[in-house]
Amino acid sequence: MSFSANVLRVMIASPSDIPDARDAVEQAIYEWNNANAKNKQVVLMPWRWETSSVPVLGDHPQSLINAQGVDESDIVIALFGSRLGSPTPAAASGTAEEIQRAVDAGKPVHVYFSTAPLPRDVDTEQLQGLRQFQEEISKRGLLGEFETTGSLNHEVWKAIEHDITESELGVPMLQQKPAGVRIRVQSEQKQEATGLDRRGKMGYKTKHWFDVFNDGSEDAGGVTFDAEADSGLMRIIPPSTPVTLQAGTSWRVPVVYAMGTDGPKLKVSWMEDGERHEKTFDVQ
């Protein structure tokens, strides 16, 4: 029999060395659904880049995974074995970037490190990078551990129950956009090739921009942008005249940073109900 439910997407993030652990998390999610979905009116949808992402060209692969996976997920479960993963233009690894992006977006993120014996062919450089990352991220919250894939079942259920309780989902209903204008800013960057230098080595430059979203139900009129930083210099390239940011759309604002810039902020000003509003966003 059918029933109404809130649907939450759970992203499973990890380097490539622990596929069994990824499978275990997905299985735990399905088992939770079987036991709890109807009574709690919540259905969980696991998301894995290797099975759920849509092949498309036009951007760095990690940027596409961010857009399809992280941004569209409600919960992120991150796992590490003996590798940190391959670096991206923006972070020490793809998984590290996914964690940071989810945290910046205010999503619940659960990070688990394996305590199982290391493989004989362990990559010592990767292991060193992982240990350093673990030490750094431990200063930002509580980390979890797992010795076997079987122990992940309990950890996943515990995390899910916590998140559902904290979210206070209530009775499922048709999703509606927040009333009025709701401005949100996301900092983005990507690396572009600039061609070969005299030594035949490929050169790169990093492009930065801010995506400004109106997640509300009303259009924002007369939108202007201004930038500032706690130290150093930053320069945005705003539109020549105020713009209208329609409900459910976004506007891209290119930005250029000087070396040593710290604490960048973007101030967005708009008209709503005949009054001018403004809000300053930290965009580190």
# chains A, B, ... in the order shown; residues from 1 in each chain; ligands from 1

call {"tool": "residues_around", "arguments": {"residues": "Thr206 of chain A", "least_positions_apart": "6", "cutoff": "9 Å", "atoms": "only C-alpha atoms", "output": "list in words"}}
result
Pro89, Gln189, Lys190, Gln191, Glu192 and Ala193 of chain A

call {"tool": "write_last_selection", "arguments": {"atoms": "C-alpha atoms", "output": "PDB file, in the first residue's frame"}}
result
ATOM      1  CA  PRO A  89      41.751  22.135  -8.243  1.00  0.00           C
ATOM      2  CA  GLN A 189      36.208  28.061  -8.739  1.00  0.00           C
ATOM      3  CA  LYS A 190      37.769  25.943 -11.458  1.00  0.00           C
ATOM      4  CA  GLN A 191      41.171  25.521 -13.033  1.00  0.00           C
ATOM      5  CA  GLU A 192      41.657  26.187 -16.752  1.00  0.00           C
ATOM      6  CA  ALA A 193      44.588  25.292 -18.962  1.00  0.00           C
TER       7      ALA A 193
END

call {"tool": "residues_around", "arguments": {"residues": "segment 99-102 of chain A", "least_positions_apart": "3", "cutoff": "8 Å", "atoms": "only C-alpha atoms", "output": "list in words"}}
result
Asn66, Val70, Asp71, Val76, Ala78, Thr95, Ala96, Ala105, Gly106, Lys107, Pro108 and Val109 of chain A

call {"tool": "residues_around", "arguments": {"residues": "Gly69 of chain A", "least_positions_apart": "4", "cutoff": "7 Å", "atoms": "only C-alpha atoms", "output": "JSON, numbers by chain"}}
result
{"A": [11, 47, 65, 73]}

call {"tool": "select_by_dssp", "arguments": {"residues": "segment 147-207 of chain A", "states": "helix (DSSP H, G or I)", "output": "list in words"}}
result
Thr149, Gly150, Ser151, Leu152, Asn153, His154, Glu155, Val156, Trp157, Lys158, Ala159, Ile160, Glu161, His162, Asp163, Ile164, Thr165, Glu166 and Ser167 of chain A

call {"tool": "write_last_selection", "arguments": {"atoms": "N, CA, C and O atoms", "output": "PDB file, in the first residue's frame"}}
result
ATOM      1  N   THR A 149      33.138  -3.796   7.718  1.00  0.00           N
ATOM      2  CA  THR A 149      31.968  -3.270   7.017  1.00  0.00           C
ATOM      3  C   THR A 149      30.695  -3.570   7.795  1.00  0.00           C
ATOM      4  O   THR A 149      29.734  -2.796   7.748  1.00  0.00           O
ATOM      5  N   GLY A 150      30.685  -4.663   8.548  1.00  0.00           N
ATOM      6  CA  GLY A 150      29.511  -4.991   9.336  1.00  0.00           C
ATOM      7  C   GLY A 150      29.222  -3.958  10.407  1.00  0.00           C
ATOM      8  O   GLY A 150      28.061  -3.693  10.727  1.00  0.00           O
ATOM      9  N   SER A 151      30.264  -3.350  10.971  1.00  0.00           N
ATOM     10  CA  SER A 151      30.064  -2.361  12.025  1.00  0.00           C
ATOM     11  C   SER A 151      29.493  -1.057  11.485  1.00  0.00           C
ATOM     12  O   SER A 151      29.000  -0.233  12.257  1.00  0.00           O
ATOM     13  N   LEU A 152      29.549  -0.867  10.173  1.00  0.00           N
ATOM     14  CA  LEU A 152      29.012   0.364   9.592  1.00  0.00           C
ATOM     15  C   LEU A 152      27.488   0.419   9.677  1.00  0.00           C
ATOM     16  O   LEU A 152      26.907   1.493   9.705  1.00  0.00           O
ATOM     17  N   ASN A 153      26.843  -0.732   9.704  1.00  0.00           N
ATOM     18  CA  ASN A 153      25.384  -0.751   9.739  1.00  0.00           C
ATOM     19  C   ASN A 153      24.867   0.045  10.925  1.00  0.00           C
ATOM     20  O   ASN A 153      23.995   0.915  10.786  1.00  0.00           O
ATOM     21  N   HIS A 154      25.397  -0.244  12.095  1.00  0.00           N
ATOM     22  CA  HIS A 154      24.962   0.458  13.303  1.00  0.00           C
ATOM     23  C   HIS A 154      25.291   1.940  13.214  1.00  0.00           C
ATOM     24  O   HIS A 154      24.472   2.792  13.607  1.00  0.00           O
ATOM     25  N   GLU A 155      26.476   2.274  12.696  1.00  0.00           N
ATOM     26  CA  GLU A 155      26.878   3.674  12.600  1.00  0.00           C
ATOM     27  C   GLU A 155      25.951   4.459  11.666  1.00  0.00           C
ATOM     28  O   GLU A 155      25.574   5.589  11.961  1.00  0.00           O
ATOM     29  N   VAL A 156      25.593   3.850  10.544  1.00  0.00           N
ATOM     30  CA  VAL A 156      24.720   4.524   9.584  1.00  0.00           C
ATOM     31  C   VAL A 156      23.331   4.742  10.185  1.00  0.00           C
ATOM     32  O   VAL A 156      22.751   5.838  10.077  1.00  0.00           O
ATOM     33  N   TRP A 157      22.788   3.730  10.803  1.00  0.00           N
ATOM     34  CA  TRP A 157      21.462   3.870  11.419  1.00  0.00           C
ATOM     35  C   TRP A 157      21.476   4.967  12.483  1.00  0.00           C
ATOM     36  O   TRP A 157      20.550   5.778  12.576  1.00  0.00           O
ATOM     37  N   LYS A 158      22.524   4.985  13.303  1.00  0.00           N
ATOM     38  CA  LYS A 158      22.629   5.984  14.371  1.00  0.00           C
ATOM     39  C   LYS A 158      22.684   7.400  13.793  1.00  0.00           C
ATOM     40  O   LYS A 158      22.017   8.313  14.304  1.00  0.00           O
ATOM     41  N   ALA A 159      23.450   7.583  12.714  1.00  0.00           N
ATOM     42  CA  ALA A 159      23.556   8.898  12.082  1.00  0.00           C
ATOM     43  C   ALA A 159      22.226   9.331  11.479  1.00  0.00           C
ATOM     44  O   ALA A 159      21.811  10.487  11.607  1.00  0.00           O
ATOM     45  N   ILE A 160      21.547   8.399  10.808  1.00  0.00           N
ATOM     46  CA  ILE A 160      20.275   8.713  10.166  1.00  0.00           C
ATOM     47  C   ILE A 160      19.228   9.105  11.204  1.00  0.00           C
ATOM     48  O   ILE A 160      18.504  10.107  11.043  1.00  0.00           O
ATOM     49  N   GLU A 161      19.140   8.337  12.279  1.00  0.00           N
ATOM     50  CA  GLU A 161      18.164   8.648  13.329  1.00  0.00           C
ATOM     51  C   GLU A 161      18.438  10.029  13.913  1.00  0.00           C
ATOM     52  O   GLU A 161      17.511  10.802  14.184  1.00  0.00           O
ATOM     53  N   HIS A 162      19.704  10.360  14.111  1.00  0.00           N
ATOM     54  CA  HIS A 162      20.070  11.681  14.625  1.00  0.00           C
ATOM     55  C   HIS A 162      19.619  12.784  13.682  1.00  0.00           C
ATOM     56  O   HIS A 162      19.015  13.784  14.094  1.00  0.00           O
ATOM     57  N   ASP A 163      19.900  12.612  12.389  1.00  0.00           N
ATOM     58  CA  ASP A 163      19.578  13.657  11.422  1.00  0.00           C
ATOM     59  C   ASP A 163      18.073  13.843  11.276  1.00  0.00           C
ATOM     60  O   ASP A 163      17.589  14.985  11.149  1.00  0.00           O
ATOM     61  N   ILE A 164      17.323  12.767  11.278  1.00  0.00           N
ATOM     62  CA  ILE A 164      15.872  12.876  11.134  1.00  0.00           C
ATOM     63  C   ILE A 164      15.275  13.578  12.348  1.00  0.00           C
ATOM     64  O   ILE A 164      14.385  14.434  12.222  1.00  0.00           O
ATOM     65  N   THR A 165      15.783  13.256  13.532  1.00  0.00           N
ATOM     66  CA  THR A 165      15.301  13.922  14.747  1.00  0.00           C
ATOM     67  C   THR A 165      15.618  15.411  14.717  1.00  0.00           C
ATOM     68  O   THR A 165      14.772  16.258  15.041  1.00  0.00           O
ATOM     69  N   GLU A 166      16.825  15.744  14.296  1.00  0.00           N
ATOM     70  CA  GLU A 166      17.238  17.144  14.254  1.00  0.00           C
ATOM     71  C   GLU A 166      16.480  17.937  13.190  1.00  0.00           C
ATOM     72  O   GLU A 166      16.223  19.133  13.353  1.00  0.00           O
ATOM     73  N   SER A 167      16.118  17.289  12.097  1.00  0.00           N
ATOM     74  CA  SER A 167      15.479  18.010  10.986  1.00  0.00           C
ATOM     75  C   SER A 167      14.031  18.357  11.260  1.00  0.00           C
ATOM     76  O   SER A 167      13.484  19.281  10.655  1.00  0.00           O
TER      77      SER A 167
END

call {"tool": "closest_residue", "arguments": {"among": "A:Ala247, A:Val223, A:Ala229, A:Ile75", "to": "Ala179 of chain A", "atoms": "only C-alpha atoms"}}
result
A:Ala247

call {"tool": "residues_around", "arguments": {"residues": "segment 254-259 of chain A", "least_positions_apart": "3", "cutoff": "12 Å", "atoms": "only C-alpha atoms", "output": "NGL selection string"}}
result
:A and (186-190 or 205-212 or 225-229 or 231-239 or 251 or 262-266 or 283-284)

call {"tool": "closest_residue", "arguments": {"among": "A:Asp230, A:Asp74, A:Asp17, A:Glu147", "to": "Gln126 of chain A", "atoms": "only C-alpha atoms"}}
result
A:Asp17

call {"tool": "atom_distance", "arguments": {"atom1": "atom CA of Asp20 of chain A", "atom2": "atom CA of Gly94 of chain A"}}
result
18.8 Å

call {"tool": "atom_distance", "arguments": {"atom1": "atom CA of Asn6 of chain A", "atom2": "atom CA of Glu145 of chain A"}}
result
28.9 Å
